[in-house]
$ cat my_file_17.txt   # compact mmCIF, C-alpha atoms
# COMPACT_ATOMS: atom_id res chain seq x y z
CA MET K 1 -30.91 -20.81 -47.98
CA ALA K 2 -27.92 -23.09 -48.64
CA LYS K 3 -25.63 -20.04 -48.59
CA THR K 4 -27.01 -19.02 -45.17
CA LYS K 5 -26.50 -22.54 -43.76
CA THR K 6 -22.94 -22.58 -45.10
CA LEU K 7 -22.16 -19.17 -43.58
CA THR K 8 -23.70 -20.22 -40.27
CA PHE K 9 -21.68 -23.44 -40.29
CA PHE K 10 -18.42 -21.54 -40.98
CA PHE K 11 -19.28 -18.93 -38.32
CA ILE K 12 -19.86 -21.67 -35.71
CA LEU K 13 -16.68 -23.49 -36.76
CA PHE K 14 -14.70 -20.21 -36.61
CA THR K 15 -16.10 -19.41 -33.14
CA ILE K 16 -15.23 -22.87 -31.77
CA PHE K 17 -11.71 -22.65 -33.25
CA SER K 18 -11.21 -19.14 -31.80
CA ILE K 19 -12.34 -20.13 -28.30
CA SER K 20 -10.15 -23.24 -28.43
CA THR K 21 -7.13 -21.17 -29.51
CA LEU K 22 -7.70 -18.51 -26.83
CA THR K 23 -8.10 -21.14 -24.10
CA THR K 24 -4.92 -22.93 -25.18
CA THR K 25 -2.98 -19.66 -25.37
CA ALA K 26 -4.22 -18.47 -21.96
CA THR K 27 -3.14 -21.65 -20.15
CA LYS K 28 0.06 -22.34 -22.10
CA ASN K 29 3.34 -22.02 -20.21
CA HIS K 30 5.38 -19.35 -22.02
CA GLY K 31 8.59 -20.16 -20.17
CA PHE K 32 8.43 -17.24 -17.74
CA ALA K 33 4.77 -17.14 -16.68
CA ARG K 34 1.82 -19.44 -16.26
CA VAL K 35 -1.75 -19.20 -15.03
CA LEU K 36 -2.36 -20.67 -11.56
CA SER K 37 -5.53 -21.46 -9.71
CA ASP K 38 -6.28 -19.44 -6.56
CA HIS K 39 -5.41 -22.49 -4.46
CA LYS K 40 -1.89 -23.07 -5.82
CA PRO K 41 0.01 -20.37 -3.84
CA GLY K 42 -1.67 -21.47 -0.60
CA LEU K 43 -4.39 -18.82 -0.61
CA LYS K 44 -7.17 -19.25 1.89
CA ARG K 45 -10.36 -17.27 2.37
CA GLU K 46 -9.86 -13.52 2.16
CA LYS K 47 -10.39 -11.58 5.41
CA LEU K 48 -10.55 -7.95 6.54
CA SER K 49 -8.23 -6.87 9.36
CA HIS K 50 -8.15 -3.57 11.26
CA LEU K 51 -4.82 -2.42 12.70
CA HIS K 52 -4.49 0.58 15.02
CA PHE K 53 -1.14 2.10 16.00
CA TYR K 54 0.80 5.34 16.43
CA PHE K 55 3.57 6.56 14.11
CA HIS K 56 6.37 8.64 15.73
CA ASP K 57 8.08 10.97 13.23
CA ILE K 58 11.09 12.39 15.09
CA VAL K 59 12.97 14.98 13.03
CA THR K 60 15.07 16.53 15.83
CA GLY K 61 17.72 15.39 18.29
CA LYS K 62 20.44 12.78 18.16
CA ASN K 63 17.92 9.93 17.81
CA ALA K 64 15.99 11.38 14.86
CA THR K 65 13.98 8.77 12.96
CA ALA K 66 13.36 11.00 9.91
CA VAL K 67 16.30 12.64 8.15
CA ARG K 68 16.43 14.94 5.15
CA VAL K 69 18.52 13.37 2.41
CA ALA K 70 17.85 15.78 -0.46
CA GLU K 71 16.39 19.17 -1.22
CA ALA K 72 15.86 21.38 -4.25
CA PRO K 73 17.40 24.85 -4.64
CA VAL K 74 13.96 26.34 -3.82
CA THR K 75 13.31 24.23 -0.69
CA LYS K 76 14.72 26.73 1.83
CA THR K 77 12.59 29.59 0.47
CA SER K 78 9.43 27.56 -0.17
CA PRO K 79 6.65 27.94 2.43
CA THR K 80 5.81 24.25 1.86
CA ALA K 81 9.43 22.92 1.84
CA PHE K 82 8.79 21.90 -1.78
CA GLY K 83 11.51 19.53 -3.01
CA ALA K 84 12.60 18.19 0.41
CA VAL K 85 13.04 14.42 0.63
CA ASN K 86 13.21 12.60 3.98
CA VAL K 87 14.04 8.97 4.69
CA ILE K 88 12.33 7.46 7.72
CA ASP K 89 12.56 4.57 10.15
CA ASP K 90 9.75 5.70 12.48
CA PRO K 91 8.63 3.61 15.46
CA LEU K 92 5.06 2.25 15.49
CA THR K 93 3.55 1.83 18.96
CA VAL K 94 0.23 0.70 20.45
CA LYS K 95 -0.30 3.99 22.34
CA PRO K 96 0.67 7.59 21.58
CA GLU K 97 3.56 7.50 24.06
CA LEU K 98 6.88 6.54 22.50
CA SER K 99 7.57 4.39 25.57
CA SER K 100 4.51 2.19 24.91
CA LYS K 101 4.82 -1.26 23.32
CA ARG K 102 6.48 -1.12 19.92
CA VAL K 103 4.79 -3.14 17.17
CA GLY K 104 7.03 -2.22 14.25
CA SER K 105 8.46 0.56 12.11
CA ALA K 106 7.43 2.73 9.20
CA GLN K 107 10.36 2.58 6.77
CA GLY K 108 10.60 4.50 3.52
CA LEU K 109 10.51 8.08 2.41
CA TYR K 110 8.34 11.13 2.06
CA ALA K 111 8.85 14.10 -0.19
CA ALA K 112 7.34 17.59 -0.11
CA ALA K 113 5.52 17.47 -3.44
CA SER K 114 3.19 20.49 -3.35
CA GLN K 115 3.97 24.16 -3.91
CA SER K 116 0.57 25.35 -2.62
CA GLU K 117 0.21 23.45 0.69
CA VAL K 118 2.21 21.10 2.89
CA GLY K 119 1.52 17.96 0.85
CA LEU K 120 3.78 14.94 0.95
CA LEU K 121 4.25 12.00 -1.36
CA MET K 122 4.42 9.02 1.01
CA ASN K 123 6.18 5.83 -0.05
CA LEU K 124 6.67 3.53 2.90
CA ASN K 125 6.36 0.08 4.38
CA PHE K 126 4.82 -0.72 7.73
CA VAL K 127 7.17 -3.42 9.04
CA PHE K 128 5.61 -5.39 11.90
CA THR K 129 7.91 -6.94 14.51
CA THR K 130 5.66 -8.49 17.16
CA GLY K 131 2.81 -10.91 17.59
CA LYS K 132 0.90 -12.62 14.83
CA TYR K 133 2.16 -10.19 12.14
CA ASN K 134 5.86 -10.39 13.08
CA GLY K 135 7.87 -10.31 9.83
CA SER K 136 4.92 -9.13 7.72
CA THR K 137 4.74 -5.79 5.91
CA LEU K 138 2.19 -3.47 4.33
CA SER K 139 3.15 -1.09 1.50
CA VAL K 140 1.67 2.40 1.32
CA VAL K 141 1.91 4.91 -1.53
CA GLY K 142 -0.11 8.10 -1.53
CA ARG K 143 -0.56 11.81 -0.90
CA ASN K 144 -0.47 13.20 2.62
CA SER K 145 -2.10 16.61 2.99
CA VAL K 146 -0.46 17.12 6.37
CA PHE K 147 -2.83 19.69 7.87
CA SER K 148 -6.04 17.87 6.93
CA ASN K 149 -7.77 16.27 9.90
CA ILE K 150 -8.00 12.78 8.36
CA ARG K 151 -5.77 11.67 5.47
CA GLU K 152 -6.30 8.46 3.52
CA PHE K 153 -3.64 6.40 1.74
CA PRO K 154 -3.97 3.25 -0.35
CA ILE K 155 -2.44 -0.02 0.81
CA VAL K 156 -0.94 -1.36 -2.41
CA GLY K 157 0.51 -4.65 -1.24
CA GLY K 158 2.27 -6.55 1.48
CA SER K 159 4.32 -9.56 2.45
CA GLY K 160 4.12 -12.43 4.92
CA LEU K 161 0.59 -12.69 6.31
CA PHE K 162 -0.28 -9.65 4.19
CA ARG K 163 0.59 -11.25 0.86
CA PHE K 164 -1.82 -9.96 -1.85
CA ALA K 165 -2.96 -7.20 0.55
CA ARG K 166 -5.07 -4.22 -0.48
CA GLY K 167 -6.93 -1.62 1.51
CA TYR K 168 -6.48 1.81 2.97
CA ALA K 169 -4.91 3.62 5.91
CA GLN K 170 -6.36 6.65 7.64
CA ALA K 171 -3.98 9.02 9.44
CA HIS K 172 -4.85 11.62 12.05
CA THR K 173 -2.24 13.89 13.66
CA TYR K 174 -2.33 13.17 17.39
CA SER K 175 0.32 15.75 18.27
CA LEU K 176 2.67 18.11 16.42
CA GLU K 177 5.52 19.90 18.18
CA PRO K 178 6.90 23.28 17.02
CA THR K 179 10.14 21.39 16.23
CA GLY K 180 8.29 19.28 13.64
CA ASP K 181 8.25 16.08 15.69
CA ALA K 182 4.85 14.43 15.28
CA VAL K 183 2.77 11.54 16.55
CA VAL K 184 0.24 10.30 14.01
CA GLU K 185 -2.58 7.89 14.78
CA TYR K 186 -3.19 5.26 12.08
CA ASN K 187 -6.24 3.09 11.43
CA VAL K 188 -5.47 0.56 8.72
CA TYR K 189 -8.11 -1.59 7.03
CA VAL K 190 -6.63 -4.35 4.92
CA LEU K 191 -8.01 -7.26 2.90
CA HIS K 192 -5.62 -10.23 2.84
CA TYR K 193 -5.54 -14.02 2.83

$ encode --input "my_file_17.txt" --output "structure tokens"
Amino acid sequence: MAKTKTLTFFFILFTIFSISTLTTTATKNHGFARVLSDHKPGLKREKLSHLHFYFHDIVTGKNATAVRVAEAPVTKTSPTAFGAVNVIDDPLTVKPELSSKRVGSAQGLYAAASQSEVGLLMNLNFVFTTGKYNGSTLSVVGRNSVFSNIREFPIVGGSGLFRFARGYAQAHTYSLEPTGDAVVEYNVYVLHY
């Protein structure tokens, strides 16, 4: 009985010491990082926003907004353009017409990453230039199966009013010209502070 009480006492003492050590270690400033409360960086209540706009991918003409910057030796013979890499600065507008109000740009790159279908790796930022979100960005990384009706991409972050953002974007091809120029409708759902 005395042995059991002694073991129990040491177990409780060990547990208290362990919790104390873990708590101290977790909150200790290690010189390059420290734990902050949610209120320190100015975070408010999280909200869900829906953004709707049109993406104009113009690959032809003197004012092209998407240009090929690299390709693999097999790109020209690949039915999916496998290995092609394009850099973009595509206008974002409120309506499908390029002449409608511009709300920002999609800046980044996409690469033909599939040998079996036209599938792109998308790595881009939606850069907003008007209204409430002027100067804010959303970052998108994901797979774009171009000929699917609706494609979905994760929103992996943002800046400005979209700091700590997460969510998803749905893309639907509004129009596709034989030249490759395209207008894509986007519905973006984003959680942010």

$ closest_residue --input "my_file_17.txt" --among "K:Phe55, K:Tyr110, K:Tyr133, K:Tyr168" --to "K:Val183" --atoms "all atoms listed in the file"
K:Phe55

$ atom_distance --input "my_file_17.txt" --atom1 "atom CA of K:Pro91" --atom2 "atom CA of K:Ala72"
27.5 Å

$ residues_around --input "my_file_17.txt" --residues "stretch 114-116 of chain K" --least-positions-apart "5" --cutoff "9 Å" --atoms "only C-alpha atoms" --output "PyMOL selection string"
chain K and resi 78-83+121

$ atom_distance --input "my_file_17.txt" --atom1 "atom CA of K:Tyr189" --atom2 "atom CA of K:Ala165"
10.0 Å

$ atom_distance --input "my_file_17.txt" --atom1 "atom CA of K:Val156" --atom2 "atom CA of K:Val141"
6.9 Å

$ closest_residue --input "my_file_17.txt" --among "K:Thr60, K:Thr77, K:Gln107, K:Ser175" --to "K:Leu124" --atoms "all atoms listed in the file"
K:Gln107

$ axis_aligned_box --input "my_file_17.txt" --around "stretch 182-192 of chain K" --padding-each-side "3 Å" --output "AutoDock Vina command-line options"
--center_x -1.6 --center_y 2.1 --center_z 9.7 --size_x 19.0 --size_y 30.7 --size_z 19.7

$ closest_residue --input "my_file_17.txt" --among "K:Glu185, K:Leu109, K:Leu138, K:Leu191" --to "K:Gly160" --atoms "all atoms listed in the file"
K:Leu138
